[in-house]
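Below: query.cif (mmCIF, C-alpha atoms (C1' of nucleotides))
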data_structure
loop_
_atom_site.label_atom_id
_atom_site.label_comp_id
_atom_site.auth_asym_id
_atom_site.auth_seq_id
_atom_site.Cartn_x
_atom_site.Cartn_y
_atom_site.Cartn_z
CA MET A 28 19.19 20.99 23.34
CA SER A 29 22.74 20.50 24.47
CA GLU A 30 25.79 18.83 23.03
CA LYS A 31 26.78 17.19 26.24
CA ARG A 32 24.51 15.25 28.49
CA VAL A 33 25.19 13.11 31.44
CA PRO A 34 23.68 9.65 31.47
CA LYS A 35 20.48 9.29 33.39
CA LYS A 36 21.79 6.46 35.49
CA ARG A 37 24.52 7.90 37.61
CA PRO A 38 26.38 6.32 40.50
CA LYS A 39 24.88 7.07 43.91
CA LYS A 40 27.79 9.03 45.19
CA LYS A 41 27.93 12.20 47.18
CA GLU A 42 25.61 14.60 45.50
CA THR A 43 24.82 18.01 46.84
CA THR A 44 22.49 20.61 45.48
CA GLU A 45 23.44 24.20 45.71
CA THR A 46 22.35 27.53 44.36
CA VAL A 47 24.84 29.46 42.32
CA GLU A 48 24.76 33.14 41.43
CA ASN A 49 24.91 32.66 37.68
CA CYS A 50 22.30 30.47 36.09
CA CYS A 51 22.37 27.72 33.48
CA PRO A 52 22.85 29.24 29.99
CA GLU A 53 20.49 26.68 28.55
CA CYS A 54 17.40 26.80 30.74
CA LYS A 55 18.16 29.64 33.20
CA SER A 56 17.81 27.33 36.14
CA THR A 57 19.96 28.19 39.12
CA LEU A 58 19.94 24.71 40.62
CA PHE A 59 23.02 22.63 40.01
CA LYS A 60 24.18 19.17 40.89
CA TYR A 61 27.72 18.67 41.99
CA ASP A 62 29.05 15.20 41.34
CA GLN A 63 32.25 14.77 43.29
CA SER A 64 33.27 11.49 41.71
CA LYS A 65 33.27 13.01 38.24
CA GLY A 66 34.31 16.51 39.17
CA GLU A 67 31.38 17.92 37.25
CA ARG A 68 28.75 20.49 37.94
CA THR A 69 25.57 19.91 36.00
CA CYS A 70 22.25 21.68 35.65
CA ARG A 71 19.53 19.94 37.64
CA CYS A 72 16.94 20.93 35.11
CA CYS A 73 18.37 20.04 31.68
CA GLY A 74 21.51 18.12 32.59
CA LEU A 75 23.91 20.48 30.81
CA VAL A 76 27.44 20.23 32.14
CA ILE A 77 28.27 23.65 33.52
CA GLU A 78 31.75 22.96 34.77
CA GLU A 79 34.17 20.08 34.28
CA ASN A 80 37.36 18.88 35.90
CA ILE A 81 36.65 20.63 39.16
CA ILE A 82 39.52 20.16 41.53
CA ASP A 83 38.46 18.24 44.61
CA ASN A 84 39.97 19.91 47.64
CA GLY A 85 38.88 17.18 49.99
CA PRO A 86 41.04 14.36 51.32
CA GLU A 87 41.87 11.51 48.96
CA TRP A 88 40.97 8.91 51.60
CA ARG A 89 37.57 7.91 52.84
CA ALA A 90 36.56 7.32 56.42
CA PHE A 91 33.57 5.35 57.53
CA ASP A 92 33.56 6.28 61.18
CA HIS A 93 35.12 8.69 63.65
CA GLU A 94 37.93 6.38 64.57
CA GLN A 95 39.08 6.04 61.00
CA ARG A 96 38.79 9.76 60.45
CA ASP A 97 40.99 10.44 63.43
CA LYS A 98 43.55 7.97 62.19
CA ARG A 99 43.66 9.21 58.65
CA THR A 100 43.63 12.95 59.20
CA ARG A 101 47.14 14.18 58.68
CA VAL A 102 46.73 17.88 59.46
CA GLY A 103 46.01 19.87 62.62
CA ALA A 104 44.61 23.30 63.24
CA PRO A 105 45.77 26.01 60.83
CA THR A 106 48.71 28.08 61.97
CA THR A 107 47.88 31.56 63.13
CA SER A 108 49.85 34.70 63.83
CA THR A 109 47.61 35.58 66.73
CA ILE A 110 49.25 33.01 68.99
CA HIS A 111 52.82 33.81 69.89
CA ASP A 112 54.23 30.49 68.69
CA GLN A 113 51.72 30.29 65.84
CA GLY A 114 49.91 27.50 67.66
CA LEU A 115 52.66 25.04 66.89
CA SER A 116 53.98 24.13 70.33
CA THR A 117 53.09 21.27 72.59
CA THR A 118 51.73 21.45 76.08
CA ILE A 119 51.95 18.60 78.54
CA ASP A 120 48.66 17.82 80.20
CA TRP A 121 48.34 18.25 83.96
CA LYS A 122 46.40 15.04 84.34
CA ASN A 123 48.51 12.38 85.99
CA ASN A 124 47.18 9.34 84.23
CA ASN A 125 48.79 6.08 85.28
CA ILE A 126 52.03 7.63 86.37
CA SER A 127 53.81 5.88 89.16
CA SER A 128 54.84 7.92 92.15
CA GLN A 129 58.51 7.59 91.24
CA ASN A 130 57.83 9.20 87.91
CA GLN A 131 55.74 12.05 89.29
CA ALA A 132 58.74 14.25 90.05
CA GLN A 133 60.17 13.60 86.64
CA TRP A 134 56.93 14.57 84.97
CA TYR A 135 56.77 17.72 86.99
CA ARG A 136 60.23 18.69 85.78
CA LEU A 137 59.29 17.88 82.20
CA ARG A 138 56.27 20.13 82.34
CA LYS A 139 58.27 22.92 83.86
CA TRP A 140 60.85 22.74 81.09
CA GLN A 141 58.21 22.49 78.44
CA ARG A 142 56.66 25.73 79.65
CA LYS A 143 60.05 27.41 79.87
CA ILE A 144 60.88 26.42 76.32
CA ARG A 145 57.49 27.52 75.06
CA ILE A 146 57.70 31.02 76.41
CA SER A 147 61.41 31.54 76.55
CA GLY A 148 63.40 34.66 76.06
CA SER A 149 62.20 38.23 76.25
CA ARG A 150 60.94 38.17 72.70
CA GLU A 151 58.56 35.29 73.31
CA ARG A 152 57.37 36.73 76.58
CA ASN A 153 56.79 40.07 74.94
CA LEU A 154 54.87 38.45 72.10
CA ALA A 155 52.78 36.32 74.41
CA PHE A 156 51.71 39.33 76.42
CA ALA A 157 51.22 41.59 73.41
CA LEU A 158 49.10 39.08 71.55
CA SER A 159 46.84 38.51 74.52
CA GLU A 160 46.38 42.27 74.73
CA LEU A 161 45.75 42.38 71.02
CA ASP A 162 43.09 39.75 71.38
CA ARG A 163 41.42 41.66 74.20
CA TYR A 164 41.41 44.95 72.32
CA SER A 165 40.15 43.50 69.07
CA SER A 166 37.32 41.63 70.70
CA ARG A 167 36.28 44.79 72.48
CA LEU A 168 36.35 46.59 69.15
CA GLY A 169 34.51 43.70 67.51
CA LEU A 170 37.14 43.29 64.82
CA PRO A 171 37.01 40.44 62.30
CA ARG A 172 39.57 37.67 62.40
CA SER A 173 41.40 38.91 59.32
CA ILE A 174 42.24 42.19 61.02
CA ARG A 175 43.45 40.41 64.14
CA GLU A 176 45.78 38.40 61.95
CA SER A 177 47.15 41.37 60.06
CA SER A 178 47.63 43.46 63.17
CA SER A 179 49.54 40.67 64.85
CA VAL A 180 51.71 40.43 61.77
CA ILE A 181 52.40 44.15 62.02
CA TYR A 182 53.28 43.78 65.67
CA ARG A 183 55.67 40.92 64.92
CA LYS A 184 57.40 43.01 62.29
CA ALA A 185 57.68 45.92 64.69
CA LEU A 186 59.20 43.58 67.26
CA ASP A 187 61.64 42.09 64.76
CA ASN A 188 62.77 45.54 63.72
CA LYS A 189 63.29 46.49 67.35
CA LEU A 190 60.78 49.30 67.20
CA ILE A 191 59.19 48.52 70.55
CA ARG A 192 62.10 49.69 72.67
CA GLY A 193 61.14 52.83 74.53
CA ARG A 194 57.47 52.38 73.73
CA SER A 195 54.79 50.62 75.70
CA ILE A 196 53.54 47.28 74.45
CA GLU A 197 49.98 48.55 74.77
CA GLY A 198 50.86 51.53 72.62
CA VAL A 199 52.38 49.44 69.86
CA VAL A 200 49.51 46.96 69.98
CA SER A 201 47.01 49.80 69.65
CA ALA A 202 48.98 51.27 66.76
CA SER A 203 49.14 47.89 65.01
CA ILE A 204 45.39 47.54 65.27
CA TYR A 205 44.89 51.08 64.02
CA ILE A 206 47.11 50.44 61.00
CA ALA A 207 45.49 47.08 60.22
CA CYS A 208 42.02 48.62 60.37
CA ARG A 209 42.99 51.40 58.02
CA GLN A 210 44.63 49.02 55.60
CA SER A 211 41.49 46.95 55.32
CA ASN A 212 39.32 50.03 54.87
CA LEU A 213 37.46 49.46 58.12
CA PRO A 214 38.98 52.40 59.95
CA ARG A 215 38.51 52.95 63.66
CA THR A 216 39.17 56.39 65.03
CA LEU A 217 42.08 57.03 67.35
CA ASP A 218 39.49 57.93 69.96
CA GLU A 219 37.81 54.53 69.76
CA ILE A 220 41.06 52.63 70.16
CA SER A 221 42.28 54.96 72.85
CA GLU A 222 39.12 54.37 74.84
CA ILE A 223 39.49 50.59 75.07
CA SER A 224 43.25 50.49 75.48
CA ASN A 225 43.97 53.21 78.03
CA VAL A 226 46.64 54.59 75.75
CA THR A 227 46.29 58.26 74.93
CA LYS A 228 45.23 59.29 71.48
CA LYS A 229 48.41 61.26 71.15
CA GLU A 230 50.58 58.27 71.93
CA ILE A 231 48.78 55.98 69.49
CA GLY A 232 49.04 58.65 66.81
CA ARG A 233 52.74 59.07 67.37
CA THR A 234 53.38 55.34 67.47
CA TYR A 235 51.40 54.41 64.40
CA ARG A 236 53.09 57.10 62.32
CA PHE A 237 56.48 55.92 63.53
CA ILE A 238 55.77 52.25 62.80
CA ALA A 239 54.22 52.94 59.43
CA ARG A 240 57.28 54.96 58.46
CA GLU A 241 59.80 52.43 59.73
CA LEU A 242 58.05 49.43 58.17
CA ASN A 243 57.37 51.27 54.92
CA ILE A 244 53.65 50.82 55.25
CA LYS A 245 51.80 53.13 52.93
CA LEU A 246 48.60 54.40 54.47
CA THR A 247 46.16 56.06 52.17
CA PRO A 248 44.10 58.82 53.76
CA THR A 249 40.85 57.45 55.12
CA SER A 250 37.75 58.16 53.14
CA PRO A 251 34.59 59.29 54.91
CA VAL A 252 32.83 56.54 52.93
CA ASP A 253 34.58 53.90 55.02
CA TYR A 254 32.95 55.17 58.18
CA ILE A 255 29.42 55.40 56.84
CA PRO A 256 28.27 51.76 57.03
CA ARG A 257 29.40 51.47 60.64
CA PHE A 258 27.88 54.77 61.77
CA ALA A 259 24.69 54.09 59.83
CA SER A 260 24.15 50.75 61.48
CA GLU A 261 24.82 52.20 64.91
CA LEU A 262 22.20 54.85 64.16
CA GLU A 263 19.88 52.17 62.77
CA LEU A 264 19.47 54.01 59.51
CA SER A 265 18.00 52.30 56.44
CA GLY A 266 20.13 51.08 53.58
CA GLU A 267 18.67 53.80 51.39
CA SER A 268 19.85 56.55 53.68
CA GLN A 269 23.21 54.90 53.85
CA ALA A 270 23.47 54.75 50.07
CA LYS A 271 22.43 58.40 49.86
CA ALA A 272 25.04 59.40 52.40
CA ILE A 273 27.72 57.60 50.41
CA LYS A 274 26.52 59.38 47.28
CA ILE A 275 26.75 62.73 49.03
CA VAL A 276 30.26 62.01 50.20
CA ASN A 277 31.40 60.93 46.74
CA GLN A 278 29.89 64.05 45.26
CA SER A 279 31.70 66.23 47.74
CA LEU A 280 34.94 64.37 47.08
CA GLU A 281 34.58 65.25 43.41
CA GLU A 282 33.92 68.86 44.26
CA GLY A 283 37.05 68.87 46.35
CA ILE A 284 35.41 70.47 49.33
CA THR A 285 36.59 67.78 51.70
CA SER A 286 40.32 68.33 51.65
CA GLY A 287 41.84 68.99 55.01
CA LYS A 288 38.61 68.22 56.82
CA GLY A 289 38.22 65.34 59.19
CA PRO A 290 36.64 62.35 57.47
CA THR A 291 34.43 61.53 60.44
CA GLY A 292 32.89 64.98 60.39
CA ILE A 293 32.04 64.67 56.72
CA ALA A 294 30.61 61.18 57.19
CA ALA A 295 28.51 62.49 60.07
CA ALA A 296 27.18 65.44 58.08
CA ALA A 297 26.35 63.27 55.08
CA LEU A 298 24.47 60.85 57.31
CA TYR A 299 22.61 63.73 58.90
CA ILE A 300 21.50 65.05 55.53
CA ALA A 301 20.54 61.57 54.33
CA SER A 302 18.57 60.87 57.48
CA VAL A 303 16.60 64.08 56.99
CA LEU A 304 15.97 63.40 53.30
CA PHE A 305 14.58 59.95 53.98
CA GLY A 306 12.41 61.02 56.86
CA GLU A 307 14.32 59.13 59.51
CA ARG A 308 15.82 62.19 61.08
CA ARG A 309 18.41 61.66 63.78
CA THR A 310 19.38 64.50 66.04
CA GLN A 311 22.75 66.12 65.47
CA ARG A 312 23.54 65.08 69.01
CA ASP A 313 23.01 61.39 68.32
CA ILE A 314 25.07 61.45 65.14
CA ALA A 315 27.77 63.50 66.81
CA GLU A 316 28.03 60.87 69.50
CA VAL A 317 28.51 57.84 67.24
CA ALA A 318 30.85 59.72 64.92
CA GLY A 319 32.92 61.15 67.74
CA VAL A 320 32.63 64.76 66.62
CA THR A 321 30.68 67.70 67.99
CA GLU A 322 27.38 69.02 66.77
CA VAL A 323 29.12 72.21 65.73
CA THR A 324 31.34 70.30 63.34
CA ILE A 325 28.35 68.52 61.86
CA ARG A 326 26.64 71.88 61.38
CA ASN A 327 29.67 73.39 59.68
CA ARG A 328 30.16 70.45 57.34
CA TYR A 329 26.49 70.18 56.63
CA LYS A 330 26.31 73.86 55.79
CA GLU A 331 29.20 73.53 53.38
CA LEU A 332 27.73 70.43 51.78
CA THR A 333 24.28 71.89 51.23
CA GLU A 334 25.68 75.15 49.90
CA LYS A 335 28.07 73.58 47.41
CA LEU A 336 26.21 70.52 46.30
CA ASP A 337 22.66 71.63 45.62
CA LEU A 338 21.08 68.67 47.35
CA GLY A 339 17.60 70.08 47.44
CA VAL A 340 17.45 70.01 51.19
CA SER A 341 15.19 72.42 52.92
CA LEU A 342 15.25 72.41 56.64
"C1'" DA B 8 11.39 71.46 76.39
"C1'" DA B 9 14.29 69.61 73.01
"C1'" DG B 10 16.75 70.48 69.15
"C1'" DA B 11 19.02 73.52 65.86
"C1'" DC B 12 21.81 77.45 65.00
"C1'" DG B 13 25.74 80.57 65.27
"C1'" DA B 14 29.27 83.52 67.53
"C1'" DA B 15 33.35 83.66 70.17
"C1'" DA B 16 37.07 81.93 72.62
"C1'" DG B 17 40.05 77.96 73.51
"C1'" DT B 18 42.79 73.60 72.27
"C1'" DG B 19 46.08 70.44 70.04
"C1'" DG B 20 48.60 69.49 65.98
"C1'" DT B 21 51.10 70.80 61.67
"C1'" DT B 22 54.11 73.72 58.97
"C1'" DG B 23 57.70 76.69 57.73
"C1'" DA B 24 61.21 79.98 59.03
"C1'" DT C 20 62.22 76.35 68.77
"C1'" DC C 21 58.67 79.48 67.86
"C1'" DA C 22 54.87 81.73 65.69
"C1'" DA C 23 51.23 81.34 62.34
"C1'" DC C 24 47.55 78.67 60.91
"C1'" DA C 25 43.45 75.66 60.00
"C1'" DA C 26 40.43 72.39 61.95
"C1'" DC C 27 37.91 71.27 65.65
"C1'" DT C 28 35.91 71.80 70.37
"C1'" DT C 29 33.64 74.10 74.25
"C1'" DT C 30 30.49 77.22 75.86
"C1'" DC C 31 26.62 79.92 75.75
"C1'" DG C 32 22.76 82.71 74.19
"C1'" DT C 33 18.96 82.77 70.84
"C1'" DC C 34 15.64 80.94 67.70
"C1'" DT C 35 12.43 77.16 66.03
"C1'" DT C 36 9.41 73.30 66.30
#
Let me see the structure of the file written as structure tokens.
Amino acid sequence: MSEKRVPKKRPKKKETTETVENCCPECKSTLFKYDQSKGERTCRCCGLVIEENIIDNGPEWRAFDHEQRDKRTRVGAPTTSTIHDQGLSTTIDWKNNNISSQNQAQWYRLRKWQRKIRISGSRERNLAFALSELDRYSSRLGLPRSIRESSSVIYRKALDNKLIRGRSIEGVVSASIYIACRQSNLPRTLDEISEISNVTKKEIGRTYRFIARELNIKLTPTSPVDYIPRFASELELSGESQAKAIKIVNQSLEEGITSGKGPTGIAAAALYIASVLFGERRTQRDIAEVAGVTEVTIRNRYKELTEKLDLGVSL
DNA sequence: AAGACGAAAGTGGTTGA
DNA sequence: TCAACAACTTTCGTCTT
């Protein structure tokens, strides 16, 4: 069967079962045993060693209760760019535990200084405010953590390069979010960001172009494909329709009939066609609303697409 | 009655002189 | 700085289901 087998009697150490994408080459089983003490992953079915010398990322110490764990842990929370001091500063608790009345005044002064040091200087105050705004905006937009991180990094860079002067913090925060979204191929429209931030579309547009230029950030033009999953889920369209819409967009990209046209309009038209083809028709109005374009635009795009692509749509 | 369609006029942004 | 321009929107009347 196999050249390498593990002995039947194995130490009763931590053993976890898990399913892995690729299966055992020997018996096609997808169930594996992971033996931490040996650093081996073995097939549960035939015992073949799938992987050896796995690096154990866990701590080298062992703890038998909470107290020991607390004592032995040597790391804290991960640092993050979304907190102005990267979560590294100390705060002094307001609870006055066992402090004599003589010391109360002293403690009060200590706290005051601690706060002053924590948010000191215009830069820190700016960052503290900006990052709280950034957090508000991104939670309203429902953005993943990774994008929050990268947009706060962009904001920090903008601040370090003195690009904020003469611009509103809200504007720069919005622009940072816009850039971060585009970089991670989860674009939001200027309209969407403008709506939650009370910064005009025009201002965000101006600011993001300025920042991208100054910080040498290359922004590739957004593809309509990037918008499709989001729009499709808002319209509650099936995965099939979504896949079809993506296919339509790719086809039209090849044909080169998309240049110069707004990506949202194309995404909307492709979704409209797909929804009709799969019998889950959405009205142009509904699609226009989630895509942030007008019905007229959808009609124009959809006309172009059906004419040039031979999609076999009859309406 | 709702949705789709299309014409016409208007708007905001880009480009090139 | 200005005009030309393309894309897109607004508005509205008509047709289709």
Q: Give as a ChimeraX atom specification every residue of chain C that touches chain A within 12 Å, counting only C-alpha atoms (C1' of nucleotides).
A: /C:25-30,35-36
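For the pair CA of Ile255 in chain A and CA of Ala294 in chain A, the separation is 5.9 Å.
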Can you check which residues of chain B have any atom within 9 Å of chain A? Use only C-alpha atoms (C1' of nucleotides) and format it as a JSON list (two decimals) with C-alpha atoms (C1' of nucleotides), in the frame of the given file.
[["chain", "number", "residue", "atom", "x", "y", "z"],
["B", 10, "DG", "C1'", 16.75, 70.48, 69.15],
["B", 11, "DA", "C1'", 19.02, 73.52, 65.86],
["B", 12, "DC", "C1'", 21.81, 77.45, 65.00]]
Q: May I have the protein, DNA and RNA residues with an atom at most 8 Å from (43.7, 50.3, 65.0), counting only C-alpha atoms (C1' of nucleotides) in the file's coordinates, returned as a ChimeraX atom specification?
A: /A:201-209,214-217,220
Restricting the output to C-alpha atoms, write the selected residues as a PDB file, in the coordinates of the input.
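What follows is the written file selection.pdb:
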ATOM      1  CA  SER A 201      47.010  49.800  69.650  1.00  0.00           C
ATOM      2  CA  ALA A 202      48.980  51.270  66.760  1.00  0.00           C
ATOM      3  CA  SER A 203      49.140  47.890  65.010  1.00  0.00           C
ATOM      4  CA  ILE A 204      45.390  47.540  65.270  1.00  0.00           C
ATOM      5  CA  TYR A 205      44.890  51.080  64.020  1.00  0.00           C
ATOM      6  CA  ILE A 206      47.110  50.440  61.000  1.00  0.00           C
ATOM      7  CA  ALA A 207      45.490  47.080  60.220  1.00  0.00           C
ATOM      8  CA  CYS A 208      42.020  48.620  60.370  1.00  0.00           C
ATOM      9  CA  ARG A 209      42.990  51.400  58.020  1.00  0.00           C
ATOM     10  CA  PRO A 214      38.980  52.400  59.950  1.00  0.00           C
ATOM     11  CA  ARG A 215      38.510  52.950  63.660  1.00  0.00           C
ATOM     12  CA  THR A 216      39.170  56.390  65.030  1.00  0.00           C
ATOM     13  CA  LEU A 217      42.080  57.030  67.350  1.00  0.00           C
ATOM     14  CA  ILE A 220      41.060  52.630  70.160  1.00  0.00           C
TER      15      ILE A 220
END
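Between CA of Ile275 in chain A and C1' of DG13 in chain B the separation is 24.1 Å.
What separates CA of Gly148 in chain A from CA of Gly198 in chain A is a distance of 21.3 Å.
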Q: Name all residues at most 12 Å from Ala272 in chain A (count all atoms listed in the file; drop same-chain ones fewer than 5 positions away) and give them as a ChimeraX atom specification.
A: /A:251-256,258-259,264-267,277-279,293-305,329,332,338
**Q.** Cut-off 10 Å around (26.3, 56.2, 67.9) with all atoms listed in the file: residues as a PyMOL selection string
**A.** chain A and resi 257-263+312-319
Q: Could you check which of B:DA14, B:DA24, B:DA9, B:DG19 is closest to DA23 in chain C, using all atoms listed in the file?
A: B:DA24
Q.
For the provided coordinates, the residues matched by the PyMOL selection byres ((chain C and resi 20) around 12) should be stated as a PyMOL selection string.
A. (chain B and resi 23-24) or (chain C and resi 21-22)
Q: Expand the PyMOL selection byres ((chain A and resi 181) around 12) into the individual residues it matches in the shown file, reporting them as JSON, numbers by chain.
A: {"A": [108, 109, 154, 157, 158, 161, 174, 175, 176, 177, 178, 179, 180, 182, 183, 184, 185, 186, 187, 188, 190, 191, 199, 200, 201, 202, 203, 204, 205, 206, 207, 208, 210, 235, 238, 239, 241, 242, 243, 244]}
May I have the residues from that selection written out with C-alpha atoms, as a PDB file, in the coordinates of the input?
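Ended up saving to part-v4.pdb:
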ATOM      1  CA  SER A 108      49.850  34.700  63.830  1.00  0.00           C
ATOM      2  CA  THR A 109      47.610  35.580  66.730  1.00  0.00           C
ATOM      3  CA  LEU A 154      54.870  38.450  72.100  1.00  0.00           C
ATOM      4  CA  ALA A 157      51.220  41.590  73.410  1.00  0.00           C
ATOM      5  CA  LEU A 158      49.100  39.080  71.550  1.00  0.00           C
ATOM      6  CA  LEU A 161      45.750  42.380  71.020  1.00  0.00           C
ATOM      7  CA  ILE A 174      42.240  42.190  61.020  1.00  0.00           C
ATOM      8  CA  ARG A 175      43.450  40.410  64.140  1.00  0.00           C
ATOM      9  CA  GLU A 176      45.780  38.400  61.950  1.00  0.00           C
ATOM     10  CA  SER A 177      47.150  41.370  60.060  1.00  0.00           C
ATOM     11  CA  SER A 178      47.630  43.460  63.170  1.00  0.00           C
ATOM     12  CA  SER A 179      49.540  40.670  64.850  1.00  0.00           C
ATOM     13  CA  VAL A 180      51.710  40.430  61.770  1.00  0.00           C
ATOM     14  CA  TYR A 182      53.280  43.780  65.670  1.00  0.00           C
ATOM     15  CA  ARG A 183      55.670  40.920  64.920  1.00  0.00           C
ATOM     16  CA  LYS A 184      57.400  43.010  62.290  1.00  0.00           C
ATOM     17  CA  ALA A 185      57.680  45.920  64.690  1.00  0.00           C
ATOM     18  CA  LEU A 186      59.200  43.580  67.260  1.00  0.00           C
ATOM     19  CA  ASP A 187      61.640  42.090  64.760  1.00  0.00           C
ATOM     20  CA  ASN A 188      62.770  45.540  63.720  1.00  0.00           C
ATOM     21  CA  LEU A 190      60.780  49.300  67.200  1.00  0.00           C
ATOM     22  CA  ILE A 191      59.190  48.520  70.550  1.00  0.00           C
ATOM     23  CA  VAL A 199      52.380  49.440  69.860  1.00  0.00           C
ATOM     24  CA  VAL A 200      49.510  46.960  69.980  1.00  0.00           C
ATOM     25  CA  SER A 201      47.010  49.800  69.650  1.00  0.00           C
ATOM     26  CA  ALA A 202      48.980  51.270  66.760  1.00  0.00           C
ATOM     27  CA  SER A 203      49.140  47.890  65.010  1.00  0.00           C
ATOM     28  CA  ILE A 204      45.390  47.540  65.270  1.00  0.00           C
ATOM     29  CA  TYR A 205      44.890  51.080  64.020  1.00  0.00           C
ATOM     30  CA  ILE A 206      47.110  50.440  61.000  1.00  0.00           C
ATOM     31  CA  ALA A 207      45.490  47.080  60.220  1.00  0.00           C
ATOM     32  CA  CYS A 208      42.020  48.620  60.370  1.00  0.00           C
ATOM     33  CA  GLN A 210      44.630  49.020  55.600  1.00  0.00           C
ATOM     34  CA  TYR A 235      51.400  54.410  64.400  1.00  0.00           C
ATOM     35  CA  ILE A 238      55.770  52.250  62.800  1.00  0.00           C
ATOM     36  CA  ALA A 239      54.220  52.940  59.430  1.00  0.00           C
ATOM     37  CA  GLU A 241      59.800  52.430  59.730  1.00  0.00           C
ATOM     38  CA  LEU A 242      58.050  49.430  58.170  1.00  0.00           C
ATOM     39  CA  ASN A 243      57.370  51.270  54.920  1.00  0.00           C
ATOM     40  CA  ILE A 244      53.650  50.820  55.250  1.00  0.00           C
TER      41      ILE A 244
END
